[in-house]
Amino acid sequence: QGLALDSCISDRVYDGSPVGVILALQGCFGTALKGGDEGEKDGARFDEDLAGRLTQLLAELSPEERDGIRRFFVQGIRSSKATSSPRSAACAAVLSSLPVYCYHEASGNRRYAALQADSFLSPRGVPVDALPGNFLVAEGKEYEEFLAHFGIVVKTAVDVYTDHVLPSFSSLDKATRDLVMAKVVDELPAFTLSSESKTLALKETLRSTAVIPNSQDQLRKPSELFDPEVPELLALLGEDCFPSRKFSRGSTLQVLRDLGLQQTLTPAAVLAAARSIEDEVHRAAEEDLSDVKCGRMLQNVERRANELFRFLDRQTTTDGVGSQTADEGGFWERLGEIAWVPVHGRIPPARYLPWPDVETLSKDACHVVAAPNRARPPDDMWLCSRTLKVTRVDPHSDILRQKLGWDAHVPPSVLAQQLIGLSEAMEKLAGDPHGVLRNTLLDVVPRIYHQLQAQLAPDDDEDKEQAEEQAEEQAERQGQGQGQDQRKKDKEKRLRTLVACRDILRGKKWVFVEEAFRDPKFVAFDAPEASQQYLFKIPQDYLRFSRLFSAMGIRQEFEPQNFVDVLRALAETQRESGNLPLGFREVEVALCMLSVLGDLAILGEVADPTAHGTIFMPSDQAVLYPASELVFDDAPWLSQTYRNSKTVKFCHSKVKGNIARVLGAQSLREKLLSTGPVQKLPCPKPAALSKLLGHTRVGDTLRDIFEVADRYACRTVRVLLDEHTYQEQSLLQPGLADTQGPALLVEMESVRLETEDVVKLCAPFNCVRERGGMKIGVDPQAPALSGAGLCSAFRLGDVLQVLSNGEFHLFDPLGKHLHQLEADATQSPAASRSASTARRFSVTGEDFMTKFPDQFAPFLNPNLGMARSAVQKHLYIRGNTILRIPLRRVGGGLTRQPVEVAAIKRCLRILYANFAEPFLFSDHLAELEVHWSRTAPSSARAGQAGEKQPPPAQQDDEVAGKPISCVAFSCGIVGDWGARDLRAALRKNQDWKKRGIATIFKAFTPLSEHKLLVVERRNYARSEGFWEEATTQGADAALDSLEDAGKAPKGPKGPRGPGGALKPELRTCRDTWLLFSVLGSPSAREGACSEAIRSRGLIPLISIAQHMAREGEVSSNGLAPPSLSRTDGRLFCGAWAGQRSGLGCHLDAPFLSHEILRCVPVQGATNMGRDYSIYWKDTLSRWNRSLLEDAITACQPQALELARNELRRRQRPQELYRLWPLSFTALEPVDAFLSRSFYSKLCSMALFYSKRGFQPASEGQFHSQYLPPAVESFLEASFTLHSVPYQVAEDLKKNRVQTPELTPAMLRRHLRDAFRGKGSRSLLRSLEEQHGLVLQLLDFCVSDSQHEGGEPDAVTTALWRELRGVPLLPLQDGSVVCFGEAGGGGAGGGPPR
């Protein structure tokens, strides 16, 4: 009131002091104070209305204006006349109610409000962000004194932390918390000095409050964290078990140690470490982390888990923390429930180890660690991996293994699940054909059975069990039943576990028998041997687990009656249900029973299966009927016609045909075949065929077939290499499916083979030429075949198919593909296929081929005549013959070796190179075509990189998977048939047969004729590389590859050929052969008139074919073809090409081919330095000898003279020596006839070419050594030099034939005579003019001197004297002087040194 009077100037007018302002405010509002005058209590305030109006007024001011108002009052009142703060209640009320006081707020913000009763001033050093909202912002000492009058004081830092900051510490943000704790930890020692009692309270608060952040910014009590400076703790514990990096410095750690930071690993710490591992794994799974960060986190988890495991392993070994026996607080039990052991995650540690499925793994967040009670060590992984985890580490301590429970058996349910997993792994491996898993199972499965038996059937010895029961009864009577309840409980628990395992394994394959898991329904302790494919018995090694198998329900034995009873029970159950279809499991059981019964019947262990009762069999509608009422479908392509019939019931599709047959069902295919004529034919025996073909080759097959075609007057033969694999469904017999692959087909146009002819051609007995051989063909007077006939087809395959004269013939010597149609129902297919089988089917009707389209699809290849014929197919078959030989795919069979397509291509490539051979000595064969067929490439394969696409037009024709064909090449005789007519005329001549008195009136003179034969080859493939392709390509792609390689001329593609294959323009090649024939040569005529040979109708006609010229072929680079190579001569018997002779020509004679090599080496005459002669054993071999002797010694020289004349006419005389019979290339037995007398005869004939023409050997000189062309040209002016190959002269020398040679001595004498006037002086003049020639002549003249330097010997001196006066000495200045002149000799005229 006194202050107010001092500030009052007049009524309601005050000065500008703070008090005056307060009074003006108070008077302006005109409202009295609550509580009366100033004598009342100091705590009076404005009433609410005035306070509200003031608040609204001041709220519109800025913070700076509020701060100005507050400082105005603080400074003004302190400097006023009053020496203390305003004492009146009115003044205090006005000041305290003004909202101009600044308070702290969270996040560094500030707020303005009136003074509060519980307000405090913040001390220096305390982070303002941690202060609660009742702390005022400090502004200096004046402000503190001002507020002290209102009861507001400054608190100490210890009190602020203890009472205000720490209780709400968790609500602070991270930065503020870290800042506060850093300040607290740093200043805690200073707090102790200022106030020890308050500091102790602060420490207790810090110990009991979660205030220290770990690495995951989670607040923990100091006692819950560990010292990061202890290495062992750092290795075992996770980052979340240590203070954050900011609180891990040395001074800070010292304070934290005082607050309870742990420095040792106690059992509780071990549990904490394990939990931290588990928590970190869960955090990695739940948080949204990148793959890289998550991977690093999991790697860290695995590392820590490994360290903790090794720590416990060491501790239990050394009596450390883990080896406590008391297990206080259930340490091991709790540790076993925490997921901390490192385990294998989603990738199993071994191949084919059973592993949880993907769905189970996806639900498992802790896939890198697991609880010990949900894991097992690695040595148990094959026992539990499907259910339990497999640890990455193996404990070394037995105590640790015991504490974790790993020394006990694996639980039975886990073992049962593991058996299921192993069984599924075997099924995924398709039975494990390579034994990848089988060896492991042989060790693992017995371990599983052993542990199962130990837990489910420990010991069921009846005597022991009875003794235990008696002891229990006696103890019960005596009142000593201790332990009895426990035994009962254990037995009940074991029974419950056994039932649970049975439920797990019910319907699963878990019994390991014969290296595979079997369904227990098909396993017994004893089973028939015949049923081992479906029913199995416990192996001898597993009988030690008999208690387990018996407890799991494995039966003792099976009987056939059981199988029949099972089928009957299924039928009765079905009948009671109204004949509803069987379920899947019931059908499987029925099929298994039928399979066992059928196998027992097939193997003869059950004589008559029906004796045990009616056998029920499931139909295609899964309804059981008696087997006799069903038909098994072995012709599915026709069965749709009958399936709608109510009178025909088909067997289930899974019932095999042989099983259905022996159990009484009928065959649909045999019903269809029974409507037409089916005839059983004689079939060659395998032993006879193997003996006949044992030493033959694949290439002999075509030669034998060409001979057969020629005997039946076939003019055109087509050969098709078919690499396509055809469908295997609609066949005459199911066993023929293996014959639908690659095959060789031969078509004989206009040849009709009767069934009798086919059987005769396939009989090895008829091919034995000691008995007269096989006489077939249109000419009854023709000799026997030289080849093996159609028996040769079995060189390539084990089955022969012949389509001719409206009949289809099948020959199966091994009995693997055709079964006996006449076999009774109880005969097994194995027995029916044990014998050789052959069948003939009538194809006279068009519908027969339609019923079995897959069987006849190979014969309808576009390049064969039947597909292109305008007449109906069955009519075409009547007048033509097609042979099909499926290639042998695997080893064994008749010739033991498989036949690859590449081998056939090689044979065709040889035929391509020697295309004239089939026509040289044949009587009828005039045209030969070779075709190639393969499968059209699929679109996926054709579209691969690097493979050319066929043109659009070809894509329309080439349907993926369909056969496409092209003509490889064709060849045939062109021009007249004069050579063949001459041979026919000579063959008809009978004068050579005259013997005895008839020869007195007219002796027979051998007849000889010669004629040229021209054979043309037309190449459709442009290159021989066509046969070298190992892979099938489209026709365009093949031609493009040839053009890209520069092997074919560029140009537009030609028209399309059969089958849509590209047909390029033809490239022709014509070979001209000289055929020379002689009838009735002396030795051959004498042999043919003998009794042994005359009965065979052999004609002593010998022919020689010599290759004269090749025309029309142009190489890929446009150059002329190279000169002809030497002919690889063979011995022919008509159209049959026999063995090689080594001559330069082909020989044809009626040889007995099996007798050609029937000779033995004996001591006698020598030939070419060898002790060698031919001993002919009997009349037949002597016949061959007479033919060879006449052909070589009598006919060969005449043939060479004819060839000489023809080559001279063609102006290629030097090619005669391409035909020369060289003894060192000749083969047995031909080389025996190339004797000295033979070559002497040749030397007497004008067969040696020189520039003067052909002359005898004696009228010229042979080269003794190589002569340079200049020397040879110089010598031909004075000598007659034979221009023959060096091999011819050497061959004459080896056969000791005296031949004149040009030697160095002859040349020296010639030159000396010419110099002395006895010769031509012009030669000497030309010699003096050619300096280079002089040196070459001198080299030849002295070539017989062996002197190599040093002093000259006598021979060299004599040679020097012979050359004396001859101008052959070249000087250094380029001139030539004579020997003996100045500078040309040594002292005394000797040779110079």
# chains A, B, ... in the order shown; residues from 1 in each chain; ligands from 1

call {"tool": "residues_around", "arguments": {"residues": "Asp700 of chain A", "least_positions_apart": "6", "cutoff": "12 Å", "atoms": "only C-alpha atoms", "output": "number ranges by chain"}}
result
A: 693, 706-707, 786-796, 904, 907-908, 910-911, 1136-1139

call {"tool": "select_by_dssp", "arguments": {"residues": "segment 61-190 of chain A", "states": "strand (DSSP E or B)", "output": "MDAnalysis selection string"}}
result
chainID A and resid 101:104 110:113 120:121 135:136 154

call {"tool": "closest_residue", "arguments": {"among": "A:Glu187, A:Glu670, A:Asp923, A:Asp159", "to": "Cys714 of chain A", "atoms": "only C-alpha atoms"}}
result
A:Asp923

call {"tool": "residues_around", "arguments": {"residues": "segment 403-419 of chain A", "least_positions_apart": "6", "cutoff": "6 Å", "atoms": "only C-alpha atoms", "output": "number ranges by chain"}}
result
A: 384, 386, 452, 501, 510

call {"tool": "write_last_selection", "arguments": {"atoms": "all heavy atoms", "output": "tab-separated table (two decimals), in the first residue's frame"}}
result
chain	number	residue	atom	x	y	z
A	384	CYS	N	18.05	-88.78	-38.40
A	384	CYS	CA	17.05	-87.82	-37.91
A	384	CYS	C	16.87	-86.60	-38.78
A	384	CYS	O	16.11	-85.70	-38.44
A	384	CYS	CB	17.45	-87.36	-36.50
A	384	CYS	SG	19.03	-86.46	-36.49
A	386	ARG	N	15.33	-85.68	-41.37
A	386	ARG	CA	14.02	-85.26	-41.91
A	386	ARG	C	13.19	-84.50	-40.88
A	386	ARG	O	12.33	-83.70	-41.23
A	386	ARG	CB	13.24	-86.48	-42.40
A	386	ARG	CG	12.03	-86.15	-43.26
A	386	ARG	CD	11.47	-87.42	-43.85
A	386	ARG	NE	10.49	-87.16	-44.90
A	386	ARG	CZ	9.18	-87.11	-44.73
A	386	ARG	NH1	8.69	-87.30	-43.52
A	386	ARG	NH2	8.36	-86.88	-45.73
A	452	LEU	N	15.25	-98.52	-33.14
A	452	LEU	CA	13.80	-98.74	-33.02
A	452	LEU	C	13.53	-99.98	-32.19
A	452	LEU	O	12.63	-99.98	-31.32
A	452	LEU	CB	13.19	-98.88	-34.41
A	452	LEU	CG	12.93	-97.60	-35.19
A	452	LEU	CD1	12.44	-97.91	-36.60
A	452	LEU	CD2	11.90	-96.73	-34.47
A	501	CYS	N	4.26	-95.05	-33.96
A	501	CYS	CA	5.16	-95.37	-35.08
A	501	CYS	C	4.43	-96.16	-36.16
A	501	CYS	O	4.67	-95.97	-37.36
A	501	CYS	CB	6.36	-96.16	-34.58
A	501	CYS	SG	7.51	-95.17	-33.60
A	510	TRP	N	8.93	-98.83	-45.93
A	510	TRP	CA	9.98	-98.59	-44.93
A	510	TRP	C	10.85	-99.81	-44.66
A	510	TRP	O	11.86	-99.71	-43.96
A	510	TRP	CB	9.37	-98.13	-43.62
A	510	TRP	CG	8.46	-99.14	-42.96
A	510	TRP	CD1	7.14	-99.31	-43.19
A	510	TRP	CD2	8.84	-100.10	-41.96
A	510	TRP	NE1	6.65	-100.33	-42.40
A	510	TRP	CE2	7.68	-100.83	-41.64
A	510	TRP	CE3	10.03	-100.43	-41.32
A	510	TRP	CZ2	7.68	-101.86	-40.70
A	510	TRP	CZ3	10.04	-101.45	-40.39
A	510	TRP	CH2	8.87	-102.14	-40.08

call {"tool": "closest_atom_pairs", "arguments": {"of": "segment 695-787 of chain A", "to": "segment 621-644 of chain A", "cutoff": "10 Å", "atoms": "only C-alpha atoms", "output": "Markdown table"}}
result
| residue | atom | partner | partner_atom | distance |
| --- | --- | --- | --- | --- |
| A:Gln729 | CA | A:Trp637 | CA | 7.1 |
| A:Ser730 | CA | A:Trp637 | CA | 5.9 |
| A:Leu731 | CA | A:Ala635 | CA | 7.7 |
| A:Leu732 | CA | A:Ala635 | CA | 8.5 |
| A:Gln733 | CA | A:Asp634 | CA | 8.1 |
| A:Pro734 | CA | A:Asp634 | CA | 7.2 |

call {"tool": "residues_around", "arguments": {"residues": "Arg71 of chain A", "least_positions_apart": "6", "cutoff": "10 Å", "atoms": "only C-alpha atoms", "output": "PyMOL selection string"}}
result
chain A and resi 65+77+100-101+139+142-143

call {"tool": "write_last_selection", "arguments": {"atoms": "all heavy atoms", "output": "short mmCIF file (atom, residue, chain, number, x, y, z; two decimals), in the first residue's frame"}}
result
data_model
loop_
_atom_site.label_atom_id
_atom_site.label_comp_id
_atom_site.auth_asym_id
_atom_site.auth_seq_id
_atom_site.Cartn_x
_atom_site.Cartn_y
_atom_site.Cartn_z
N GLU A 65 8.80 -9.82 -26.95
CA GLU A 65 8.04 -8.83 -26.17
C GLU A 65 7.77 -9.36 -24.77
O GLU A 65 7.82 -8.63 -23.77
CB GLU A 65 6.73 -8.48 -26.88
CG GLU A 65 6.95 -7.73 -28.18
CD GLU A 65 5.68 -7.51 -28.97
OE1 GLU A 65 4.81 -8.42 -28.90
OE2 GLU A 65 5.55 -6.49 -29.64
N ILE A 77 11.75 -3.79 -10.26
CA ILE A 77 11.42 -4.01 -8.85
C ILE A 77 12.70 -4.08 -8.02
O ILE A 77 12.78 -3.57 -6.91
CB ILE A 77 10.58 -5.28 -8.70
CG1 ILE A 77 9.20 -5.06 -9.33
CG2 ILE A 77 10.48 -5.70 -7.24
CD1 ILE A 77 8.30 -6.23 -9.25
N VAL A 100 4.54 -14.69 -18.71
CA VAL A 100 5.74 -14.21 -19.39
C VAL A 100 6.98 -14.97 -18.92
O VAL A 100 8.09 -14.59 -19.26
CB VAL A 100 5.92 -12.70 -19.14
CG1 VAL A 100 4.82 -11.91 -19.79
CG2 VAL A 100 6.02 -12.39 -17.64
N TYR A 101 6.79 -16.04 -18.17
CA TYR A 101 7.91 -16.79 -17.65
C TYR A 101 8.21 -17.98 -18.60
O TYR A 101 7.30 -18.74 -18.96
CB TYR A 101 7.63 -17.28 -16.23
CG TYR A 101 7.38 -16.13 -15.29
CD1 TYR A 101 6.07 -15.68 -15.01
CD2 TYR A 101 8.45 -15.47 -14.70
CE1 TYR A 101 5.85 -14.61 -14.17
CE2 TYR A 101 8.22 -14.39 -13.84
CZ TYR A 101 6.93 -13.98 -13.59
OH TYR A 101 6.70 -12.93 -12.77
N GLU A 139 18.33 -17.24 -16.24
CA GLU A 139 18.77 -16.03 -16.92
C GLU A 139 19.79 -15.23 -16.08
O GLU A 139 19.95 -14.03 -16.25
CB GLU A 139 17.58 -15.12 -17.26
CG GLU A 139 16.67 -15.70 -18.30
CD GLU A 139 15.56 -14.73 -18.69
OE1 GLU A 139 15.51 -13.65 -18.10
OE2 GLU A 139 14.77 -15.11 -19.58
N GLU A 142 20.28 -12.26 -11.08
CA GLU A 142 19.15 -11.40 -10.75
C GLU A 142 17.84 -12.16 -10.85
O GLU A 142 16.94 -12.00 -10.02
CB GLU A 142 19.13 -10.19 -11.69
CG GLU A 142 20.32 -9.27 -11.54
CD GLU A 142 20.26 -8.13 -12.53
OE1 GLU A 142 19.32 -8.13 -13.35
OE2 GLU A 142 21.14 -7.25 -12.48
N TYR A 143 17.77 -12.97 -11.89
CA TYR A 143 16.53 -13.74 -12.09
C TYR A 143 16.36 -14.77 -10.97
O TYR A 143 15.25 -15.01 -10.49
CB TYR A 143 16.58 -14.41 -13.45
CG TYR A 143 15.25 -15.00 -13.89
CD1 TYR A 143 14.05 -14.31 -13.67
CD2 TYR A 143 15.18 -16.24 -14.51
CE1 TYR A 143 12.85 -14.84 -14.08
CE2 TYR A 143 13.99 -16.78 -14.93
CZ TYR A 143 12.82 -16.08 -14.71
OH TYR A 143 11.62 -16.61 -15.11
#

call {"tool": "closest_residue", "arguments": {"among": "A:Tyr1286, A:Phe146, A:Phe808, A:Phe1279", "to": "Val74 of chain A", "atoms": "only C-alpha atoms"}}
result
A:Phe146

call {"tool": "closest_residue", "arguments": {"among": "A:Gly891, A:Val160, A:Pro682, A:Asp779", "to": "Phe765 of chain A", "atoms": "only C-alpha atoms"}}
result
A:Pro682

call {"tool": "residues_around", "arguments": {"residues": "segment 1107-1111 of chain A", "least_positions_apart": "2", "cutoff": "10 Å", "atoms": "only C-alpha atoms", "output": "MDAnalysis selection string"}}
result
chainID A and resid 916 1012:1016 1068:1075 1105 1113:1114 1120:1127 1144:1146 1203:1204 1206:1207 1210 1212 1215:1216 1218:1219

call {"tool": "atom_distance", "arguments": {"atom1": "atom CA of Phe135 of chain A", "atom2": "atom CA of Phe169 of chain A"}}
result
16.3 Å

call {"tool": "closest_residue", "arguments": {"among": "A:Leu1302, A:Ser970, A:Tyr726, A:Leu894", "to": "Phe859 of chain A", "atoms": "only C-alpha atoms"}}
result
A:Tyr726

call {"tool": "residues_around", "arguments": {"residues": "Thr725 of chain A", "least_positions_apart": "3", "cutoff": "8 Å", "atoms": "only C-alpha atoms", "output": "mmCIF file with N, CA, C and O atoms, in the first residue's frame"}}
result
data_model
loop_
_atom_site.group_PDB
_atom_site.id
_atom_site.type_symbol
_atom_site.label_atom_id
_atom_site.label_comp_id
_atom_site.auth_asym_id
_atom_site.auth_seq_id
_atom_site.Cartn_x
_atom_site.Cartn_y
_atom_site.Cartn_z
ATOM 1 N N GLN A 740 11.605 -101.300 -84.601
ATOM 2 C CA GLN A 740 11.077 -100.115 -85.281
ATOM 3 C C GLN A 740 12.110 -98.988 -85.387
ATOM 4 O O GLN A 740 11.774 -97.889 -85.775
ATOM 5 N N GLY A 741 13.340 -99.276 -85.029
ATOM 6 C CA GLY A 741 14.375 -98.252 -85.089
ATOM 7 C C GLY A 741 15.072 -98.217 -86.441
ATOM 8 O O GLY A 741 14.522 -98.646 -87.470
ATOM 9 N N PRO A 742 16.290 -97.696 -86.493
ATOM 10 C CA PRO A 742 17.038 -97.611 -87.749
ATOM 11 C C PRO A 742 17.174 -98.968 -88.421
ATOM 12 O O PRO A 742 17.362 -99.997 -87.757
ATOM 13 N N THR A 935 14.796 -88.538 -89.435
ATOM 14 C CA THR A 935 13.675 -87.875 -88.782
ATOM 15 C C THR A 935 13.781 -86.372 -88.969
ATOM 16 O O THR A 935 14.854 -85.795 -88.814
#

call {"tool": "select_by_dssp", "arguments": {"residues": "segment 720-860 of chain A", "states": "alpha helix (DSSP H)", "output": "list of chain:residue names"}}
result
A:Thr755, A:Glu756, A:Asp757, A:Val758, A:Val759, A:Lys760, A:Leu761, A:Pro829, A:Ala830, A:Ala831, A:Ser832, A:Glu846, A:Asp847, A:Phe848, A:Met849, A:Thr850, A:Lys851, A:Pro853, A:Asp854, A:Gln855, A:Phe856

call {"tool": "residues_around", "arguments": {"residues": "Ala1246 of chain A", "least_positions_apart": "5", "cutoff": "10 Å", "atoms": "only C-alpha atoms", "output": "CSV table (one decimal) with C-alpha atoms, in the first residue's frame"}}
result
chain,number,residue,atom,x,y,z
A,1200,LEU,CA,46.9,-106.2,-120.5
A,1201,GLU,CA,47.4,-106.2,-124.3
A,1204,ARG,CA,47.3,-101.3,-123.8
A,1253,GLY,CA,55.9,-96.8,-128.2
A,1254,PHE,CA,55.3,-100.1,-126.4
A,1255,GLN,CA,58.1,-102.6,-126.7
A,1256,PRO,CA,59.2,-105.8,-125.1
A,1257,ALA,CA,61.4,-105.4,-122.0
A,1258,SER,CA,64.5,-106.6,-123.9
A,1259,GLU,CA,64.4,-103.8,-126.5

call {"tool": "closest_residue", "arguments": {"among": "A:Leu582, A:Met1245, A:Ala285, A:Leu308", "to": "His367 of chain A", "atoms": "only C-alpha atoms"}}
result
A:Ala285

call {"tool": "atom_distance", "arguments": {"atom1": "atom CA of Glu929 of chain A", "atom2": "atom CA of Arg909 of chain A"}}
result
13.1 Å

call {"tool": "decode", "arguments": {"residues": "segment 64-76 of chain A", "atoms": "N, CA and C atoms", "output": "CSV table (one decimal), in the first residue's frame"}}
result
chain,number,residue,atom,x,y,z
A,64,GLU,N,9.9,-12.3,-27.8
A,64,GLU,CA,10.8,-11.2,-27.5
A,64,GLU,C,10.1,-10.1,-26.6
A,65,GLU,N,8.8,-9.8,-26.9
A,65,GLU,CA,8.0,-8.8,-26.2
A,65,GLU,C,7.8,-9.4,-24.8
A,66,ARG,N,7.5,-10.7,-24.6
A,66,ARG,CA,7.3,-11.2,-23.3
A,66,ARG,C,8.6,-11.2,-22.5
A,67,ASP,N,9.7,-11.6,-23.2
A,67,ASP,CA,11.0,-11.5,-22.4
A,67,ASP,C,11.2,-10.0,-22.0
A,68,GLY,N,10.9,-9.1,-22.8
A,68,GLY,CA,11.1,-7.6,-22.4
A,68,GLY,C,10.2,-7.3,-21.2
A,69,ILE,N,9.0,-7.7,-21.2
A,69,ILE,CA,8.1,-7.4,-20.1
A,69,ILE,C,8.6,-8.0,-18.8
A,70,ARG,N,9.1,-9.4,-18.9
A,70,ARG,CA,9.6,-10.0,-17.7
A,70,ARG,C,10.8,-9.3,-17.2
A,71,ARG,N,11.8,-9.0,-18.0
A,71,ARG,CA,13.0,-8.3,-17.6
A,71,ARG,C,12.7,-6.9,-17.0
A,72,PHE,N,11.7,-6.3,-17.5
A,72,PHE,CA,11.2,-4.9,-17.0
A,72,PHE,C,10.8,-5.0,-15.6
A,73,PHE,N,10.1,-6.1,-15.2
A,73,PHE,CA,9.6,-6.2,-13.8
A,73,PHE,C,10.8,-6.6,-12.9
A,74,VAL,N,11.6,-7.6,-13.5
A,74,VAL,CA,12.7,-8.1,-12.6
A,74,VAL,C,13.7,-7.0,-12.3
A,75,GLN,N,14.1,-6.3,-13.3
A,75,GLN,CA,15.1,-5.2,-13.0
A,75,GLN,C,14.4,-4.0,-12.3
A,76,GLY,N,13.2,-3.7,-12.7
A,76,GLY,CA,12.5,-2.5,-12.1
A,76,GLY,C,12.3,-2.7,-10.6
